[in-house]
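Q: Take a look at the following structure, please.
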Amino acid sequence: MKTLRTWLIVLLIAFPFAPEGAARAANDDGGQITVGRGETALRVGGTFKFDPETGESSPSPGTSPGAEDPNQYMADVHCRSGGSDTPDKGCLTLDCPPKTPGGQEGTPVIWRQAPKSITNPVWTDFPAVSGPTCLYDPQPENVLANIAARILTDFRQLPVNPGTLQTQPAPNTLKGGPTNFYTTTTGEQTFNLTILGQNVHLTATPTSYTYTYGDGTTLGPTPTPGQPLPQTQWLTTNTRTSHTYTQTGNYQTTLITTFTGTYTVNNGPPLPISGTLDITTPPTTIHVWKTQKTLVADTCQQNPNSWGCPGATQ
């Protein structure tokens with residue numbers, strides 16, 4: 001027994017700093033430590049460090065050059081867990097005093113994470129930060145300002161459906177008669193995006209329409225999308241969006257639908273988007289014909305080859 005105790009004392013004297021060195025390796029690098037049987041060194045995997053006070057992610061020592069953090073992070077100021085609306089009183093009442101005299105107070109947040117490769121992800125609690133924490137980087141204010149600075153660009157890239165341009169009659173109409181134009185508008189459309197790590201809900205609303213009739217004349221912008229007419233009223237009824245062609249020919253017609261937008265950040269109040277989204281429909285060709293009149297002696301039933309009858313050679 002004396003011999004065994006002597007060996008234990010010798011081991012403790014020879015390696016007094018081994019536990020502290022292992023702890024330092026884990027804290028400095030943040031990676032996973034694996035020690036196998038017979039190993040004499042620690043293998044520390046390179047990872048990314050996330051600072052909850054600034055919201056910044058940075059590579060740890062040993063991380064491959066050019067590597068990117070596979071996760072994205074969101075500072076949730078609404079204190080929700082897993083998408084529920086249950087309030088977290090700890091987050092709401094957490095005191096975040098200034099870190100320096102005269103400095104700004106921090107913002108209580110709950111950090112969420114999701115894979116960066118997923119658009120509109122389901123956010124989960126960040127496992128390395130338990131419960132609410134104080135964010136001292138002015139991210140909530142800056143994020144709102146940064147989103148506002150780019151929201152128009154994101155708005156104009158949305159897959160908004162502008163509807164289609166319709167004419168009555170189509171594709172042929174008559175010179176001198178009113179041709180009815182209207183759009184099959186889709187109304188208000190909504191989209192959910194993730195911008196700068198925040199949940200952004202956008203709404204696109206059609207507000208005006210500009211008709212190009214192809215003969216050099218346009219109508220609009222007008223708030224009227226037009227409407228279809230019964231067939232018995234084609235070429236006889238003028239509408240607010242109809243047009244009368246004075247010359248025969250083939251005309252390329254288009255419609256520009258103008259959308260205005262609003263957005264919310266993390267279920268906050270709706271904010272207006274400064275600017276519009278204008279979408280032009282593909283050109284539609286309309287053929288304008290003219291009518292001719294002549295006196296005939298027979299009906300088409302009496303003489304199928306009479307002038308103007310279907311299939312008759314003129």
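Letters for chains follow the order of the structure tokens (A, B, ...), residue numbers begin at 1 for each chain, and ligand numbers begin at 1 in the order shown.
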Enumerate, as a PyMOL selection string, the complete set of residues in segment 253-297 of chain A that a backbone-based DSSP assignment places in strand (DSSP E or B).

A: chain A and resi 253-265+271-272+277-280+284-289

Q: Go through segment 256-304 of chain A and flag each residue having an atom no more than 10 Å from segment 184-208 of chain A; for those, report the closest pair of atoms plus their distance in Å to one decimal, using only C-alpha atoms, ordered by chain and rising number, as a tab-separated table.

A:
```
residue	atom	partner	partner_atom	distance
A:Ile256	CA	A:Ser208	CA	8.4
A:Thr257	CA	A:Ser208	CA	6.1
A:Thr258	CA	A:Ser208	CA	5.3
A:Phe259	CA	A:Pro206	CA	4.3
A:Thr260	CA	A:Thr205	CA	5.4
A:Gly261	CA	A:Ala204	CA	4.6
A:Thr262	CA	A:Thr203	CA	5.3
A:Tyr263	CA	A:Leu202	CA	4.3
A:Thr264	CA	A:His201	CA	5.2
A:Val265	CA	A:Val200	CA	4.7
A:Asn266	CA	A:Asn199	CA	5.0
A:Asn267	CA	A:Asn199	CA	7.7
A:Gly268	CA	A:Val200	CA	9.2
A:Pro270	CA	A:His201	CA	8.9
A:Leu271	CA	A:Leu202	CA	9.5
A:Pro272	CA	A:Thr203	CA	9.7
A:Ile273	CA	A:Leu202	CA	9.3
A:Thr276	CA	A:Ala204	CA	9.3
A:Leu277	CA	A:Ala204	CA	8.5
A:Asp278	CA	A:Pro206	CA	9.4
```

Q: Report as a ChimeraX atom specification all protein, DNA and RNA residues lying within 12 Å of segment 280-291 of chain A, evaluated on only C-alpha atoms, omitting residues in the same chain fewer than 6 positions from it.

A: /A:160-181,183-185,209-215,235,243-259,308

Q: Counting only C-alpha atoms, which residue out of A:Glu105, A:Arg156, A:Lys116, A:Cys134 sits closest to Ile279 of chain A?

A: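 Counting only C-alpha atoms, the residue closest to Ile279 of chain A is A:Arg156.
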
Q: Select, from A:Met74, A:Cys96, A:Val143, A:Leu152, the residue with the minimum atom-to-atom distance to Thr124 of chain A, counting only C-alpha atoms.

A: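 Closest to Thr124 of chain A of all the choices is A:Met74.
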
Q: So that I can check the surroundings of Leu94 of chain A, please list as a list in words every protein, DNA and RNA residue that reaches within 12 Å of it, counting only C-alpha atoms and ignoring chain neighbours fewer than 6 positions away.

A: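 The filter keeps Val77, Cys79, Asp88, Glu105, Gly106, Thr107, Pro108, Val109, Ile110, Gly131, Pro132, Thr133, Cys134 and Leu135 of chain A.
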
Q: Just how far from atom CA of Thr119 of chain A is atom CA of Ile151 of chain A, in Å to one decimal?

A: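 Spanning atom CA of Ile151 of chain A to atom CA of Thr119 of chain A is a straight-line distance of 16.7 Å.
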
Q: State, in Å with one decimal place, the distance from atom CA of Gly62 of chain A to atom CA of Phe48 of chain A.

A: 10.0 Å

Q: Would you work out the distance separating atom CA of Asp76 of chain A from atom CA of Gln157 of chain A, expressed in Å to one decimal?

A: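 Separation of atom CA of Asp76 of chain A and atom CA of Gln157 of chain A: 25.7 Å.
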